[in-house]
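Q: Got a structure for you, upload_27.txt, holding compact mmCIF, C-alpha atoms.
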```txt
# COMPACT_ATOMS: atom_id res chain seq x y z
CA MET S 943 107.19 127.39 128.61
CA ASN S 944 103.79 127.63 130.03
CA ARG S 945 101.02 125.16 129.42
CA ASN S 946 98.78 127.60 127.45
CA TYR S 947 101.59 128.37 125.03
CA LEU S 948 102.20 124.66 124.38
CA LEU S 949 98.48 124.00 123.88
CA THR S 950 98.23 126.96 121.49
CA MET S 951 101.22 125.73 119.47
CA LEU S 952 99.85 122.18 119.37
CA LEU S 953 96.46 123.44 118.18
CA ALA S 954 98.12 125.62 115.51
CA LEU S 955 100.12 122.64 114.21
CA LEU S 956 97.00 120.48 114.16
CA VAL S 957 95.02 123.08 112.20
CA ALA S 958 97.90 123.62 109.76
CA GLY S 959 98.15 119.87 109.18
CA CYS S 960 94.43 119.54 108.54
CA CYS S 961 94.44 122.45 106.10
CA THR S 962 97.41 120.99 104.23
CA GLN S 963 95.76 117.56 103.99
CA SER S 964 92.54 119.16 102.77
CA ALA S 965 94.41 121.20 100.14
CA ASN S 966 96.33 118.11 98.99
CA ALA S 967 93.10 116.11 98.75
CA GLN S 968 91.57 118.87 96.62
CA ASP S 969 94.68 118.99 94.40
CA ASN S 970 94.53 115.20 93.91
CA ARG S 971 90.90 115.43 92.79
CA LEU S 972 91.95 117.87 90.07
CA LYS S 973 94.91 115.85 88.75
CA ALA S 974 94.40 114.26 85.36
CA ASN S 975 95.10 110.57 84.81
CA ILE S 976 95.56 108.88 81.46
CA ASN S 977 92.42 107.07 80.36
CA HIS S 978 93.22 105.95 76.84
CA LEU S 979 95.36 106.46 73.79
CA ALA S 980 93.68 106.17 70.38
CA ILE S 981 95.24 105.25 67.07
CA PHE S 982 93.50 105.48 63.70
CA VAL S 983 94.30 102.48 61.47
CA VAL S 984 93.69 101.11 57.98
CA ASP S 985 93.16 97.44 58.88
CA LEU S 986 91.61 96.87 62.31
CA GLN S 987 92.24 93.13 62.47
CA LYS S 988 95.85 93.42 61.33
CA SER S 989 96.54 96.10 63.95
CA GLY S 990 94.62 94.24 66.65
CA ASN S 991 96.58 91.06 65.93
CA PHE S 992 99.86 92.99 66.05
CA TYR S 993 99.15 94.55 69.45
CA GLN S 994 97.80 91.28 70.85
CA ASN S 995 100.29 88.78 69.43
CA ILE S 996 103.47 90.84 69.11
CA ILE S 997 103.18 93.44 71.88
CA GLY S 998 101.21 91.10 74.15
CA LEU S 999 98.21 93.26 75.06
CA ASP S 1000 94.89 91.84 76.20
CA THR S 1001 91.62 92.93 74.61
CA ILE S 1002 88.94 94.49 76.78
CA SER S 1003 85.27 95.17 76.24
CA GLU S 1004 84.38 98.12 74.02
CA PRO S 1005 80.92 99.70 73.92
CA PHE S 1006 80.49 100.26 70.17
CA HIS S 1007 80.30 96.69 68.83
CA ASP S 1008 80.45 98.10 65.30
CA GLY S 1009 83.48 96.22 64.00
CA LYS S 1010 85.51 99.43 63.87
CA HIS S 1011 86.98 99.41 67.38
CA ILE S 1012 89.30 97.19 69.41
CA TRP S 1013 90.22 98.23 72.92
CA MET S 1014 93.24 96.83 74.71
CA ARG S 1015 94.51 97.19 78.26
CA ILE S 1016 97.80 99.12 78.47
CA GLY S 1017 97.96 99.68 82.22
CA LEU S 1018 95.95 99.36 85.38
CA HIS S 1019 93.50 102.08 84.37
CA ALA S 1020 94.38 102.85 80.75
CA ALA S 1021 93.53 101.47 77.34
CA LEU S 1022 94.67 101.59 73.75
CA HIS S 1023 91.74 102.31 71.44
CA ILE S 1024 92.38 101.02 67.93
CA ILE S 1025 89.93 102.61 65.49
CA GLN S 1026 89.50 101.59 61.86
CA GLY S 1027 88.96 104.25 59.22
CA ALA S 1028 92.31 105.59 58.01
CA ASP S 1029 92.69 105.63 54.22
CA ALA S 1030 96.40 104.80 54.30
CA PRO S 1031 99.27 104.68 56.78
CA ILE S 1032 100.95 108.05 57.25
CA LYS S 1033 104.51 108.95 58.16
CA HIS S 1034 105.00 109.27 61.91
CA PHE S 1035 108.02 110.70 63.69
CA LYS S 1036 109.90 108.46 66.10
CA ASN S 1037 109.69 111.06 68.88
CA ASN S 1038 105.90 110.61 68.81
CA HIS S 1039 105.67 107.07 70.11
CA ILE S 1040 104.07 104.64 72.51
CA CYS S 1041 106.42 102.89 74.93
CA PHE S 1042 105.92 99.46 76.47
CA SER S 1043 108.23 97.83 79.00
CA VAL S 1044 109.09 94.14 78.86
CA PRO S 1045 111.13 91.95 81.22
CA SER S 1046 113.81 91.36 78.56
CA VAL S 1047 114.48 93.41 75.42
CA ARG S 1048 116.69 90.62 74.06
CA ALA S 1049 113.92 88.02 74.45
CA PHE S 1050 111.52 90.45 72.77
CA THR S 1051 113.88 90.91 69.80
CA ALA S 1052 114.03 87.11 69.43
CA LYS S 1053 110.22 87.16 69.12
CA LEU S 1054 110.44 89.93 66.53
CA LYS S 1055 112.92 87.85 64.51
CA GLU S 1056 110.55 84.89 64.68
CA TYR S 1057 107.76 87.04 63.19
CA HIS S 1058 110.11 88.78 60.70
CA ILE S 1059 109.44 92.20 62.21
CA LYS S 1060 112.15 94.83 61.81
CA TRP S 1061 113.38 96.98 64.67
CA GLU S 1062 116.14 99.52 65.18
CA ASP S 1063 117.97 101.48 67.83
CA VAL S 1064 117.29 105.14 68.53
CA SER S 1065 119.70 106.25 65.78
CA GLY S 1066 118.05 104.00 63.16
CA LYS S 1067 120.60 101.14 63.09
CA GLU S 1068 118.70 98.00 62.04
CA GLU S 1069 118.52 95.33 64.76
CA GLY S 1070 120.35 97.70 67.10
CA ILE S 1071 119.66 98.06 70.81
CA THR S 1072 120.19 101.39 72.59
CA ARG S 1073 121.42 101.57 76.18
CA ARG S 1074 120.19 104.78 77.79
CA PRO S 1075 122.47 106.64 80.25
CA ASP S 1076 120.47 105.05 83.10
CA GLY S 1077 121.18 101.54 81.79
CA ILE S 1078 117.72 100.86 80.34
CA LEU S 1079 117.79 98.94 77.05
CA GLN S 1080 115.44 100.09 74.31
CA ILE S 1081 114.48 99.31 70.73
CA TRP S 1082 112.12 100.93 68.25
CA LEU S 1083 109.68 99.36 65.79
CA GLN S 1084 106.62 100.38 63.84
CA ASP S 1085 103.14 98.89 63.91
CA PRO S 1086 101.27 98.06 60.66
CA ASP S 1087 100.22 101.72 60.26
CA GLY S 1088 103.66 103.16 60.91
CA TYR S 1089 103.08 104.26 64.51
CA TRP S 1090 106.39 104.14 66.38
CA ILE S 1091 106.69 101.91 69.41
CA GLU S 1092 109.53 101.91 71.90
CA ILE S 1093 110.16 98.70 73.81
CA ASN S 1094 112.37 98.94 76.88
CA ASP S 1095 113.25 96.94 79.98
CA ASP S 1096 112.49 99.65 82.56
CA ARG S 1097 111.22 97.95 85.71
CA SER S 1098 110.31 101.04 87.72
```
Mind converting the file's structure to C-alpha cells?
A:
Amino acid sequence: MNRNYLLTMLLALLVAGCCTQSANAQDNRLKANINHLAIFVVDLQKSGNFYQNIIGLDTISEPFHDGKHIWMRIGLHAALHIIQGADAPIKHFKNNHICFSVPSVRAFTAKLKEYHIKWEDVSGKEEGITRRPDGILQIWLQDPDGYWIEINDDRS
C-alpha cells in the first residue's frame, strides 16, 4: 500500500470518529432524565413521616414553603414530591408503583412488622416475599394514600 492511501484511510477514520462522537454528544443532550415523581396525598405529614421513617428517604429543600409540599431525595438527581390536597385516598393498581431497593428485604420486613405495616408478595399473599427469575427478592406495600410501593434487594 502506498503512503497516500494509508494517510487517506487514516484521515477518513478520524473524520468518521469525530462525526460519530459529535452525533452521540447531540443525542445525549436530547435524552430525558427523571427529575421528580409527584404524589397527591390527603395528609402531608402522615405521608412525609411514612416516606422518611419507613422507606428511609431524606427531605430536601422545596421552594414553595406553603405547608402543602414535602420533597424527598429518591436518587442522585431525582426527587419525590409529596403534595397535599387530595380529598381521599383512591384505589391504585399494583402495576403502577414506585420501587425502592434496600440491602435486605428480610431486614426491611422486620421493620414493617415493628411498625405494624402490612406487605404482600406479587400475587397478594400477606407477608409473602417474591423471588423474581433473576433472584431478586421483592415485596409490595401501600403508603397511607394507597400508592403501591415495591421494595426489592436489587444491587445493580
Q: Given the choices S:Ile1002, S:Ile997, S:Leu1083, S:Leu979, which gets closest to Ile1059 (chain S) if the distance is worked out from all atoms listed in the file?
A: S:Leu1083
Q: Have a look at CA of Thr1001 (chain S) and CA of Cys1041 (chain S) and let me know their distance in Å, one decimal.
A: 17.8 Å
Q: To one decimal place, how far is CA of Ser1003 (chain S) from CA of Ala974 (chain S) in Å?
A: 23.0 Å
Q: Do you have the CA of Trp1082 (chain S)-CA of Trp1061 (chain S) distance handy?
A: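 Distance reported for this atom pair: 5.5 Å.
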Q: So, with all atoms listed in the file as the atoms that count, which of S:Lys1033, S:Lys988, S:His1039, S:His978 lies closest to Gly1088 (chain S)?
A: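 Smallest distance to Gly1088 (chain S) is found for S:Lys1033.
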Q: Using only C-alpha atoms, which of S:Gly1009, S:Gly1027, S:Gly1017, S:Pro1045 sits nearest Asp1087 (chain S)?
A: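 When distances to Asp1087 (chain S) are compared using only C-alpha atoms, the smallest one comes from S:Gly1027.
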Q: Need the shell around Tyr993 (chain S): protein/DNA/RNA residues with any atom at most 9 Å away, counting all atoms listed in the file. Skip same-chain ones fewer than 5 positions apart. Format as a PyMOL selection string?
A: chain S and resi 988+998-1000+1014+1085
Q: Skipping near chain neighbours, those fewer than 2 positions away, what residues fall within 8 Å of region 1018-1020 of chain S using only C-alpha atoms, listed as a PDB file with C-alpha atoms, keeping the file's coordinate frame?
A:
```pdb
ATOM      1  CA  ILE S 976      95.560 108.880  81.460  1.00  0.00           C
ATOM      2  CA  ASN S 977      92.420 107.070  80.360  1.00  0.00           C
ATOM      3  CA  HIS S 978      93.220 105.950  76.840  1.00  0.00           C
ATOM      4  CA  LEU S 979      95.360 106.460  73.790  1.00  0.00           C
ATOM      5  CA  ARG S1015      94.510  97.190  78.260  1.00  0.00           C
ATOM      6  CA  ILE S1016      97.800  99.120  78.470  1.00  0.00           C
ATOM      7  CA  LEU S1022      94.670 101.590  73.750  1.00  0.00           C
TER       8      LEU S1022
END
```
Q: Out of S:Ile1024, S:Val1064, S:Ile1032, S:Ile996, which residue has the shortest atom-to-atom distance to Lys1010 (chain S) when counting only C-alpha atoms?
A: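 For Lys1010 (chain S), the nearest of the candidates is S:Ile1024.
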Q: Would you output region 1002-1045 of chain S from that structure, restricted to N, CA and C atoms, as an mmCIF file, in the first residue's frame?
A:
```cif
data_model
loop_
_atom_site.group_PDB
_atom_site.id
_atom_site.type_symbol
_atom_site.label_atom_id
_atom_site.label_comp_id
_atom_site.auth_asym_id
_atom_site.auth_seq_id
_atom_site.Cartn_x
_atom_site.Cartn_y
_atom_site.Cartn_z
ATOM 1 N N ILE S 1002 -35.544 17.201 51.296
ATOM 2 C CA ILE S 1002 -34.708 18.212 50.647
ATOM 3 C C ILE S 1002 -35.507 19.512 50.584
ATOM 4 N N SER S 1003 -34.821 20.579 50.310
ATOM 5 C CA SER S 1003 -35.454 21.892 50.252
ATOM 6 C C SER S 1003 -36.495 21.940 49.134
ATOM 7 N N GLU S 1004 -37.620 22.588 49.433
ATOM 8 C CA GLU S 1004 -38.643 22.812 48.412
ATOM 9 C C GLU S 1004 -38.936 24.309 48.359
ATOM 10 N N PRO S 1005 -39.247 24.836 47.187
ATOM 11 C CA PRO S 1005 -39.330 26.287 47.017
ATOM 12 C C PRO S 1005 -40.643 26.939 47.448
ATOM 13 N N PHE S 1006 -41.676 26.150 47.730
ATOM 14 C CA PHE S 1006 -42.991 26.736 47.963
ATOM 15 C C PHE S 1006 -43.182 27.265 49.386
ATOM 16 N N HIS S 1007 -42.707 26.510 50.362
ATOM 17 C CA HIS S 1007 -42.833 26.908 51.773
ATOM 18 C C HIS S 1007 -44.266 27.280 52.129
ATOM 19 N N ASP S 1008 -45.222 26.487 51.621
ATOM 20 C CA ASP S 1008 -46.635 26.780 51.857
ATOM 21 C C ASP S 1008 -47.320 25.734 52.730
ATOM 22 N N GLY S 1009 -46.538 24.782 53.247
ATOM 23 C CA GLY S 1009 -47.113 23.737 54.082
ATOM 24 C C GLY S 1009 -47.868 22.673 53.316
ATOM 25 N N LYS S 1010 -47.796 22.716 51.994
ATOM 26 C CA LYS S 1010 -48.504 21.732 51.166
ATOM 27 C C LYS S 1010 -47.558 20.831 50.378
ATOM 28 N N HIS S 1011 -46.258 21.014 50.571
ATOM 29 C CA HIS S 1011 -45.270 20.248 49.808
ATOM 30 C C HIS S 1011 -44.179 19.709 50.729
ATOM 31 N N ILE S 1012 -43.777 18.477 50.472
ATOM 32 C CA ILE S 1012 -42.555 17.908 51.038
ATOM 33 C C ILE S 1012 -41.822 17.269 49.873
ATOM 34 N N TRP S 1013 -40.548 17.603 49.745
ATOM 35 C CA TRP S 1013 -39.731 16.981 48.707
ATOM 36 C C TRP S 1013 -38.726 16.065 49.381
ATOM 37 N N MET S 1014 -38.490 14.916 48.742
ATOM 38 C CA MET S 1014 -37.559 13.936 49.283
ATOM 39 C C MET S 1014 -36.660 13.420 48.169
ATOM 40 N N ARG S 1015 -35.416 13.174 48.512
ATOM 41 C CA ARG S 1015 -34.438 12.664 47.555
ATOM 42 C C ARG S 1015 -34.718 11.186 47.302
ATOM 43 N N ILE S 1016 -34.821 10.794 46.024
ATOM 44 C CA ILE S 1016 -35.021 9.381 45.677
ATOM 45 C C ILE S 1016 -33.914 8.843 44.773
ATOM 46 N N GLY S 1017 -32.925 9.633 44.514
ATOM 47 C CA GLY S 1017 -31.798 9.209 43.692
ATOM 48 C C GLY S 1017 -30.812 10.353 43.617
ATOM 49 N N LEU S 1018 -29.762 10.159 42.860
ATOM 50 C CA LEU S 1018 -28.746 11.209 42.769
ATOM 51 C C LEU S 1018 -29.312 12.526 42.268
ATOM 52 N N HIS S 1019 -30.189 12.457 41.278
ATOM 53 C CA HIS S 1019 -30.722 13.678 40.673
ATOM 54 C C HIS S 1019 -32.240 13.628 40.545
ATOM 55 N N ALA S 1020 -32.902 12.948 41.461
ATOM 56 C CA ALA S 1020 -34.358 12.818 41.371
ATOM 57 C C ALA S 1020 -34.991 12.993 42.746
ATOM 58 N N ALA S 1021 -36.242 13.415 42.732
ATOM 59 C CA ALA S 1021 -36.949 13.676 43.982
ATOM 60 C C ALA S 1021 -38.365 13.126 43.926
ATOM 61 N N LEU S 1022 -38.903 12.874 45.102
ATOM 62 C CA LEU S 1022 -40.311 12.552 45.268
ATOM 63 C C LEU S 1022 -40.969 13.813 45.798
ATOM 64 N N HIS S 1023 -41.959 14.321 45.086
ATOM 65 C CA HIS S 1023 -42.706 15.496 45.523
ATOM 66 C C HIS S 1023 -44.020 15.010 46.120
ATOM 67 N N ILE S 1024 -44.197 15.226 47.401
ATOM 68 C CA ILE S 1024 -45.433 14.863 48.082
ATOM 69 C C ILE S 1024 -46.246 16.142 48.202
ATOM 70 N N ILE S 1025 -47.461 16.124 47.657
ATOM 71 C CA ILE S 1025 -48.286 17.331 47.580
ATOM 72 C C ILE S 1025 -49.624 17.078 48.264
ATOM 73 N N GLN S 1026 -49.952 17.898 49.240
ATOM 74 C CA GLN S 1026 -51.224 17.768 49.946
ATOM 75 C C GLN S 1026 -52.346 18.389 49.136
ATOM 76 N N GLY S 1027 -53.534 17.768 49.215
ATOM 77 C CA GLY S 1027 -54.691 18.341 48.537
ATOM 78 C C GLY S 1027 -55.720 17.323 48.100
ATOM 79 N N ALA S 1028 -55.380 16.031 48.148
ATOM 80 C CA ALA S 1028 -56.350 15.005 47.753
ATOM 81 C C ALA S 1028 -57.482 14.954 48.775
ATOM 82 N N ASP S 1029 -58.700 14.733 48.301
ATOM 83 C CA ASP S 1029 -59.858 14.639 49.199
ATOM 84 C C ASP S 1029 -59.876 13.323 49.973
ATOM 85 N N ALA S 1030 -59.477 12.252 49.302
ATOM 86 C CA ALA S 1030 -59.483 10.923 49.914
ATOM 87 C C ALA S 1030 -58.524 10.036 49.133
ATOM 88 N N PRO S 1031 -57.999 8.996 49.787
ATOM 89 C CA PRO S 1031 -57.174 8.045 49.033
ATOM 90 C C PRO S 1031 -58.009 7.400 47.931
ATOM 91 N N ILE S 1032 -57.373 7.072 46.827
ATOM 92 C CA ILE S 1032 -58.073 6.386 45.740
ATOM 93 C C ILE S 1032 -57.422 5.032 45.499
ATOM 94 N N LYS S 1033 -58.140 4.154 44.829
ATOM 95 C CA LYS S 1033 -57.606 2.826 44.539
ATOM 96 C C LYS S 1033 -56.531 2.946 43.459
ATOM 97 N N HIS S 1034 -55.387 2.348 43.738
ATOM 98 C CA HIS S 1034 -54.283 2.321 42.780
ATOM 99 C C HIS S 1034 -54.005 0.867 42.415
ATOM 100 N N PHE S 1035 -53.558 0.643 41.204
ATOM 101 C CA PHE S 1035 -53.225 -0.696 40.750
ATOM 102 C C PHE S 1035 -51.763 -0.993 41.049
ATOM 103 N N LYS S 1036 -51.492 -2.200 41.452
ATOM 104 C CA LYS S 1036 -50.143 -2.600 41.856
ATOM 105 C C LYS S 1036 -49.123 -2.405 40.734
ATOM 106 N N ASN S 1037 -49.550 -2.564 39.485
ATOM 107 C CA ASN S 1037 -48.601 -2.380 38.381
ATOM 108 C C ASN S 1037 -48.144 -0.936 38.239
ATOM 109 N N ASN S 1038 -48.897 0.009 38.788
ATOM 110 C CA ASN S 1038 -48.464 1.412 38.839
ATOM 111 C C ASN S 1038 -47.848 1.623 40.212
ATOM 112 N N HIS S 1039 -46.541 1.574 40.288
ATOM 113 C CA HIS S 1039 -45.885 1.604 41.586
ATOM 114 C C HIS S 1039 -44.549 2.328 41.529
ATOM 115 N N ILE S 1040 -44.056 2.644 42.710
ATOM 116 C CA ILE S 1040 -42.710 3.177 42.897
ATOM 117 C C ILE S 1040 -41.894 2.017 43.453
ATOM 118 N N CYS S 1041 -40.650 1.882 43.027
ATOM 119 C CA CYS S 1041 -39.811 0.806 43.548
ATOM 120 C C CYS S 1041 -38.568 1.392 44.199
ATOM 121 N N PHE S 1042 -38.274 0.907 45.392
ATOM 122 C CA PHE S 1042 -37.053 1.274 46.102
ATOM 123 C C PHE S 1042 -36.274 -0.001 46.392
ATOM 124 N N SER S 1043 -34.959 0.074 46.282
ATOM 125 C CA SER S 1043 -34.099 -1.060 46.600
ATOM 126 C C SER S 1043 -33.481 -0.859 47.976
ATOM 127 N N VAL S 1044 -33.395 -1.950 48.722
ATOM 128 C CA VAL S 1044 -32.793 -1.944 50.053
ATOM 129 C C VAL S 1044 -31.737 -3.050 50.105
ATOM 130 N N PRO S 1045 -30.795 -2.961 51.041
ATOM 131 C CA PRO S 1045 -29.778 -4.012 51.134
ATOM 132 C C PRO S 1045 -30.361 -5.387 51.480
#
```
